[in-house]
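Encoded as structure tokens, the structure appears first; notes follow it.
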Amino acid sequence: MLQLWRNRPLMVTIIVAVILLVVLIITAGSNNVTGTESILGSVFSPVQGALYSATDAIGGFFGRIFSGRDIQAENLALSARVAELEGLLRDYNEVKQQNDRLKEMLNFDTQADTLEYVSARVIGKAPGHWFNIFIIDAGMSSGIHVNMPVVNEKGLIGRVVHTGANWSRVISIIDASSGVSGIVKRTRDNGMLSGRATLDDETALLTMANLPLDADLMPGDTVITSGLAGIFPKGIAIGEVVEVTPSSDGMRNFALVKPWVDFSRLEEVMIITTKQLDLDEALQ
């Protein structure tokens, strides 16, 4: 016994063990838990806590993985939807612009109130940057015939020179082989306009010839169709006088006319389907 007291570390260990045992028995009784269960719980509680922490960490890890995949799939679906809506918006804007242009063409004003129109789109053109000869997507099935006038909201474009079942070829007033009778709106002077645009020209101009010797034209004057040739109705806007040049012999006057129509950009046109007077037949 004396030797046991001399071994102080052993005695301290025994005393601490006894105290812990007493405390555990008292605690177990107050909480309806056996002493053995309390001891085992105390021993395995840290281990259980560590297991719970590890399980929670693993669950959170896989949860983040699957959650990230769900978010990625959702983002892809949203991106596809946004792209679809942007495409629909572009289509809407294109249709709206086309409808606005067609409305302007339908409001085109001439002195004839009974003109009938057929709208068409430009689907082809001759080589070069000018629309001097081009193809439209309306033909005989739409009531289109040769020599019918072609216009847009700005003014006169040209006339139909050939038709197919669902297409037509149009020659514009800027082409060298084209001609149209015009009248100066201010002075009422008549003349014949012909195209002179070439591939090298930066601006498509018309030459107005056969003017009266006393014609008093000046830059800024407006030229419209005269209606004398029997193809184009009277009053369709053609262009603006930009230069007046008398001939060297003093016997003729020439004028350069800039068309109102932009012949470097044509998309929609309208064909006047109202039958015009056949002057050759009427003069016979």
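By convention here, the chains of the structure tokens are called A, B, ... in the order presented, each chain's residues are numbered starting at 1, and ligands are numbered starting at 1 in the order presented.
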
*asked:* Residues near A:Lys185, anyone? I mean within 6 Å using only C-alpha atoms, not counting same-chain ones fewer than 2 positions away, as number ranges by chain.
replied: A: 187-188, 222-223

*For A:Thr273, work out the shell of residues within 7 Å, counting only C-alpha atoms and skipping chain neighbours fewer than 6 positions away, then give it as a ChimeraX atom specification.*
/A:116-118,144,148

Take the residues that were just selected and, keeping N, CA, C and O atoms, output them as a PDB file, in the first residue's frame.
ATOM      1  N   GLU A 116     -53.791  50.837-110.349  1.00  0.00           N
ATOM      2  CA  GLU A 116     -53.700  49.606-109.568  1.00  0.00           C
ATOM      3  C   GLU A 116     -52.256  49.120-109.585  1.00  0.00           C
ATOM      4  O   GLU A 116     -51.551  49.266-110.588  1.00  0.00           O
ATOM      5  N   TYR A 117     -51.847  48.516-108.470  1.00  0.00           N
ATOM      6  CA  TYR A 117     -50.459  48.123-108.313  1.00  0.00           C
ATOM      7  C   TYR A 117     -50.342  46.652-107.936  1.00  0.00           C
ATOM      8  O   TYR A 117     -51.241  46.073-107.330  1.00  0.00           O
ATOM      9  N   VAL A 118     -49.185  46.063-108.250  1.00  0.00           N
ATOM     10  CA  VAL A 118     -48.785  44.755-107.756  1.00  0.00           C
ATOM     11  C   VAL A 118     -47.396  44.910-107.153  1.00  0.00           C
ATOM     12  O   VAL A 118     -46.493  45.443-107.815  1.00  0.00           O
ATOM     13  N   ILE A 144     -48.795  40.621-114.701  1.00  0.00           N
ATOM     14  CA  ILE A 144     -47.747  41.518-115.200  1.00  0.00           C
ATOM     15  C   ILE A 144     -47.557  41.304-116.700  1.00  0.00           C
ATOM     16  O   ILE A 144     -47.489  40.158-117.164  1.00  0.00           O
ATOM     17  N   MET A 148     -45.298  47.490-118.644  1.00  0.00           N
ATOM     18  CA  MET A 148     -45.932  48.044-117.452  1.00  0.00           C
ATOM     19  C   MET A 148     -44.904  48.833-116.647  1.00  0.00           C
ATOM     20  O   MET A 148     -43.771  48.397-116.473  1.00  0.00           O
TER      21      MET A 148
END

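With atom CA of A:Val161 on one side and atom CA of A:Asn147 on the other, the separation reads 5.9 Å.
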
*asked:* Quick check, in Å to one decimal: how far apart do atom CA of A:Asp214 and atom CA of A:Ser172 lie?
replied: 29.6 Å

*Smallest atom-to-atom distance to A:Phe254: which of A:Glu74, A:Asp201, A:Asp189, A:Glu84, using only C-alpha atoms?*
A:Asp189

*In Å, how far is it from atom CA of A:Arg252 to atom CA of A:Pro212?*
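Result for atom CA of A:Arg252 versus atom CA of A:Pro212: 7.3 Å, one decimal.
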
Please, which residues of stretch 99-232 of chain A, numbered as in this document, come out strand (DSSP E or B) from DSSP, as a PDB file with N, CA and C atoms, in the first residue's frame?
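Okay, result.pdb is ready:
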ATOM      1  N   TYR A 117     -51.847  48.516-108.470  1.00  0.00           N
ATOM      2  CA  TYR A 117     -50.459  48.123-108.313  1.00  0.00           C
ATOM      3  C   TYR A 117     -50.342  46.652-107.936  1.00  0.00           C
ATOM      4  N   VAL A 118     -49.185  46.063-108.250  1.00  0.00           N
ATOM      5  CA  VAL A 118     -48.785  44.755-107.756  1.00  0.00           C
ATOM      6  C   VAL A 118     -47.396  44.910-107.153  1.00  0.00           C
ATOM      7  N   SER A 119     -47.236  44.486-105.910  1.00  0.00           N
ATOM      8  CA  SER A 119     -45.920  44.612-105.267  1.00  0.00           C
ATOM      9  C   SER A 119     -45.052  43.418-105.616  1.00  0.00           C
ATOM     10  N   ALA A 120     -43.747  43.627-105.628  1.00  0.00           N
ATOM     11  CA  ALA A 120     -42.799  42.556-105.959  1.00  0.00           C
ATOM     12  C   ALA A 120     -41.461  42.842-105.294  1.00  0.00           C
ATOM     13  N   ARG A 121     -40.664  41.795-105.156  1.00  0.00           N
ATOM     14  CA  ARG A 121     -39.317  41.912-104.607  1.00  0.00           C
ATOM     15  C   ARG A 121     -38.289  41.717-105.709  1.00  0.00           C
ATOM     16  N   VAL A 122     -37.178  42.416-105.582  1.00  0.00           N
ATOM     17  CA  VAL A 122     -36.068  42.252-106.513  1.00  0.00           C
ATOM     18  C   VAL A 122     -35.320  40.977-106.123  1.00  0.00           C
ATOM     19  N   ILE A 123     -35.155  40.064-107.079  1.00  0.00           N
ATOM     20  CA  ILE A 123     -34.507  38.779-106.774  1.00  0.00           C
ATOM     21  C   ILE A 123     -33.234  38.555-107.594  1.00  0.00           C
ATOM     22  N   GLY A 124     -32.889  39.477-108.469  1.00  0.00           N
ATOM     23  CA  GLY A 124     -31.667  39.329-109.263  1.00  0.00           C
ATOM     24  C   GLY A 124     -31.385  40.605-110.020  1.00  0.00           C
ATOM     25  N   LYS A 125     -30.134  40.756-110.459  1.00  0.00           N
ATOM     26  CA  LYS A 125     -29.754  41.958-111.189  1.00  0.00           C
ATOM     27  C   LYS A 125     -28.581  41.660-112.107  1.00  0.00           C
ATOM     28  N   ILE A 133     -30.697  46.805-114.945  1.00  0.00           N
ATOM     29  CA  ILE A 133     -31.536  45.695-115.397  1.00  0.00           C
ATOM     30  C   ILE A 133     -31.625  44.700-114.240  1.00  0.00           C
ATOM     31  N   PHE A 134     -32.842  44.343-113.865  1.00  0.00           N
ATOM     32  CA  PHE A 134     -33.000  43.441-112.721  1.00  0.00           C
ATOM     33  C   PHE A 134     -34.248  42.577-112.888  1.00  0.00           C
ATOM     34  N   ILE A 135     -34.350  41.559-112.021  1.00  0.00           N
ATOM     35  CA  ILE A 135     -35.433  40.591-112.075  1.00  0.00           C
ATOM     36  C   ILE A 135     -36.285  40.726-110.816  1.00  0.00           C
ATOM     37  N   ILE A 136     -37.612  40.631-110.988  1.00  0.00           N
ATOM     38  CA  ILE A 136     -38.538  40.677-109.857  1.00  0.00           C
ATOM     39  C   ILE A 136     -39.306  39.358-109.777  1.00  0.00           C
ATOM     40  N   PRO A 149     -45.287  50.021-116.159  1.00  0.00           N
ATOM     41  CA  PRO A 149     -44.355  50.859-115.399  1.00  0.00           C
ATOM     42  C   PRO A 149     -44.022  50.251-114.040  1.00  0.00           C
ATOM     43  N   VAL A 150     -42.792  50.522-113.597  1.00  0.00           N
ATOM     44  CA  VAL A 150     -42.323  50.044-112.297  1.00  0.00           C
ATOM     45  C   VAL A 150     -41.907  51.264-111.470  1.00  0.00           C
ATOM     46  N   VAL A 151     -42.400  51.339-110.239  1.00  0.00           N
ATOM     47  CA  VAL A 151     -42.132  52.497-109.375  1.00  0.00           C
ATOM     48  C   VAL A 151     -41.817  52.020-107.962  1.00  0.00           C
ATOM     49  N   LEU A 156     -40.216  57.053-110.318  1.00  0.00           N
ATOM     50  CA  LEU A 156     -40.167  56.132-111.445  1.00  0.00           C
ATOM     51  C   LEU A 156     -38.875  55.327-111.444  1.00  0.00           C
ATOM     52  N   ILE A 157     -39.020  54.007-111.657  1.00  0.00           N
ATOM     53  CA  ILE A 157     -37.864  53.116-111.759  1.00  0.00           C
ATOM     54  C   ILE A 157     -37.613  52.697-113.195  1.00  0.00           C
ATOM     55  N   GLY A 158     -38.630  52.234-113.886  1.00  0.00           N
ATOM     56  CA  GLY A 158     -38.451  51.760-115.263  1.00  0.00           C
ATOM     57  C   GLY A 158     -39.700  51.070-115.765  1.00  0.00           C
ATOM     58  N   ARG A 159     -39.521  50.067-116.608  1.00  0.00           N
ATOM     59  CA  ARG A 159     -40.661  49.346-117.176  1.00  0.00           C
ATOM     60  C   ARG A 159     -40.292  47.878-117.370  1.00  0.00           C
ATOM     61  N   VAL A 160     -41.320  47.051-117.451  1.00  0.00           N
ATOM     62  CA  VAL A 160     -41.140  45.619-117.674  1.00  0.00           C
ATOM     63  C   VAL A 160     -40.825  45.375-119.144  1.00  0.00           C
ATOM     64  N   VAL A 161     -39.792  44.586-119.434  1.00  0.00           N
ATOM     65  CA  VAL A 161     -39.421  44.298-120.824  1.00  0.00           C
ATOM     66  C   VAL A 161     -39.588  42.821-121.169  1.00  0.00           C
ATOM     67  N   HIS A 162     -39.745  41.960-120.159  1.00  0.00           N
ATOM     68  CA  HIS A 162     -39.954  40.545-120.437  1.00  0.00           C
ATOM     69  C   HIS A 162     -40.622  39.919-119.220  1.00  0.00           C
ATOM     70  N   THR A 163     -41.527  38.946-119.470  1.00  0.00           N
ATOM     71  CA  THR A 163     -42.234  38.309-118.365  1.00  0.00           C
ATOM     72  C   THR A 163     -42.174  36.791-118.476  1.00  0.00           C
ATOM     73  N   SER A 168     -40.291  38.629-113.823  1.00  0.00           N
ATOM     74  CA  SER A 168     -40.249  39.618-114.911  1.00  0.00           C
ATOM     75  C   SER A 168     -38.898  40.306-114.910  1.00  0.00           C
ATOM     76  N   ARG A 169     -38.458  40.742-116.115  1.00  0.00           N
ATOM     77  CA  ARG A 169     -37.230  41.517-116.242  1.00  0.00           C
ATOM     78  C   ARG A 169     -37.611  42.978-116.419  1.00  0.00           C
ATOM     79  N   VAL A 170     -36.907  43.818-115.680  1.00  0.00           N
ATOM     80  CA  VAL A 170     -37.191  45.256-115.694  1.00  0.00           C
ATOM     81  C   VAL A 170     -35.965  45.999-116.172  1.00  0.00           C
ATOM     82  N   ILE A 171     -36.178  46.966-117.057  1.00  0.00           N
ATOM     83  CA  ILE A 171     -35.099  47.877-117.459  1.00  0.00           C
ATOM     84  C   ILE A 171     -35.382  49.223-116.820  1.00  0.00           C
ATOM     85  N   SER A 172     -34.392  49.767-116.138  1.00  0.00           N
ATOM     86  CA  SER A 172     -34.599  51.017-115.408  1.00  0.00           C
ATOM     87  C   SER A 172     -34.302  52.212-116.290  1.00  0.00           C
ATOM     88  N   GLY A 179     -35.742  55.090-122.322  1.00  0.00           N
ATOM     89  CA  GLY A 179     -36.171  56.460-122.610  1.00  0.00           C
ATOM     90  C   GLY A 179     -37.538  56.725-122.005  1.00  0.00           C
ATOM     91  N   VAL A 180     -37.764  57.936-121.536  1.00  0.00           N
ATOM     92  CA  VAL A 180     -39.046  58.315-120.950  1.00  0.00           C
ATOM     93  C   VAL A 180     -39.301  59.783-121.218  1.00  0.00           C
ATOM     94  N   SER A 181     -40.541  60.095-121.572  1.00  0.00           N
ATOM     95  CA  SER A 181     -40.923  61.478-121.827  1.00  0.00           C
ATOM     96  C   SER A 181     -41.219  62.171-120.506  1.00  0.00           C
ATOM     97  N   GLY A 182     -40.567  63.328-120.294  1.00  0.00           N
ATOM     98  CA  GLY A 182     -40.736  64.043-119.034  1.00  0.00           C
ATOM     99  C   GLY A 182     -41.122  65.490-119.244  1.00  0.00           C
ATOM    100  N   ILE A 183     -41.567  66.095-118.167  1.00  0.00           N
ATOM    101  CA  ILE A 183     -41.949  67.502-118.188  1.00  0.00           C
ATOM    102  C   ILE A 183     -41.421  68.180-116.931  1.00  0.00           C
ATOM    103  N   VAL A 184     -40.902  69.387-117.112  1.00  0.00           N
ATOM    104  CA  VAL A 184     -40.402  70.151-115.965  1.00  0.00           C
ATOM    105  C   VAL A 184     -41.604  70.732-115.230  1.00  0.00           C
ATOM    106  N   ASN A 190     -41.297  70.237-122.039  1.00  0.00           N
ATOM    107  CA  ASN A 190     -41.196  68.809-122.301  1.00  0.00           C
ATOM    108  C   ASN A 190     -39.827  68.452-122.854  1.00  0.00           C
ATOM    109  N   GLY A 191     -39.424  67.222-122.567  1.00  0.00           N
ATOM    110  CA  GLY A 191     -38.172  66.714-123.107  1.00  0.00           C
ATOM    111  C   GLY A 191     -38.140  65.200-122.997  1.00  0.00           C
ATOM    112  N   MET A 192     -37.125  64.596-123.587  1.00  0.00           N
ATOM    113  CA  MET A 192     -36.961  63.157-123.539  1.00  0.00           C
ATOM    114  C   MET A 192     -35.764  62.817-122.659  1.00  0.00           C
ATOM    115  N   LEU A 193     -35.985  61.962-121.686  1.00  0.00           N
ATOM    116  CA  LEU A 193     -34.907  61.569-120.777  1.00  0.00           C
ATOM    117  C   LEU A 193     -34.380  60.191-121.154  1.00  0.00           C
ATOM    118  N   SER A 194     -33.079  60.049-121.130  1.00  0.00           N
ATOM    119  CA  SER A 194     -32.437  58.764-121.417  1.00  0.00           C
ATOM    120  C   SER A 194     -31.342  58.512-120.397  1.00  0.00           C
ATOM    121  N   GLY A 195     -31.078  57.226-120.170  1.00  0.00           N
ATOM    122  CA  GLY A 195     -30.073  56.871-119.176  1.00  0.00           C
ATOM    123  C   GLY A 195     -28.661  57.068-119.702  1.00  0.00           C
ATOM    124  N   LEU A 206     -29.485  61.162-115.625  1.00  0.00           N
ATOM    125  CA  LEU A 206     -30.250  61.098-116.861  1.00  0.00           C
ATOM    126  C   LEU A 206     -29.966  62.341-117.683  1.00  0.00           C
ATOM    127  N   THR A 207     -30.002  62.171-118.985  1.00  0.00           N
ATOM    128  CA  THR A 207     -29.886  63.324-119.885  1.00  0.00           C
ATOM    129  C   THR A 207     -31.273  63.677-120.403  1.00  0.00           C
ATOM    130  N   MET A 208     -31.642  64.944-120.243  1.00  0.00           N
ATOM    131  CA  MET A 208     -32.936  65.417-120.754  1.00  0.00           C
ATOM    132  C   MET A 208     -32.672  66.274-121.981  1.00  0.00           C
ATOM    133  N   ALA A 209     -33.123  65.775-123.122  1.00  0.00           N
ATOM    134  CA  ALA A 209     -32.875  66.454-124.399  1.00  0.00           C
ATOM    135  C   ALA A 209     -34.207  66.831-125.046  1.00  0.00           C
ATOM    136  N   THR A 222     -37.934  70.202-110.610  1.00  0.00           N
ATOM    137  CA  THR A 222     -38.397  68.822-110.536  1.00  0.00           C
ATOM    138  C   THR A 222     -38.930  68.377-111.892  1.00  0.00           C
ATOM    139  N   VAL A 223     -38.567  67.155-112.284  1.00  0.00           N
ATOM    140  CA  VAL A 223     -39.025  66.573-113.539  1.00  0.00           C
ATOM    141  C   VAL A 223     -39.943  65.397-113.218  1.00  0.00           C
ATOM    142  N   ILE A 224     -41.095  65.369-113.907  1.00  0.00           N
ATOM    143  CA  ILE A 224     -42.065  64.292-113.731  1.00  0.00           C
ATOM    144  C   ILE A 224     -42.394  63.693-115.091  1.00  0.00           C
ATOM    145  N   THR A 225     -43.072  62.549-115.077  1.00  0.00           N
ATOM    146  CA  THR A 225     -43.488  61.950-116.351  1.00  0.00           C
ATOM    147  C   THR A 225     -44.561  62.812-116.994  1.00  0.00           C
TER     148      THR A 225
END

_I'd like to know which of A:Asn152, A:Thr274, A:Thr198, A:Asn75 is closest to A:Ile236, using only C-alpha atoms._
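Checking each of A:Asn152, A:Thr274, A:Thr198, A:Asn75 against A:Ile236, counting only C-alpha atoms, the winner is A:Asn152.
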
*Non-local contacts of A:Thr203 (12 Å; only C-alpha atoms; under 3 positions in same chain excluded) as an MDAnalysis selection string*: chainID A and resid 129:130 174 195:200 206 242 256:264

*Which is closer to A:Gly220 than all the others in A:Lys275, A:Arg186, A:Arg265, A:Arg81, using only C-alpha atoms?*
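Looking at the shortest contact to A:Gly220, the residue is A:Arg186.
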
*For A:Glu243, which residue out of A:Pro219, A:Pro127, A:Gly155, A:Gly164 is the nearest one, using only C-alpha atoms?*
A:Pro219
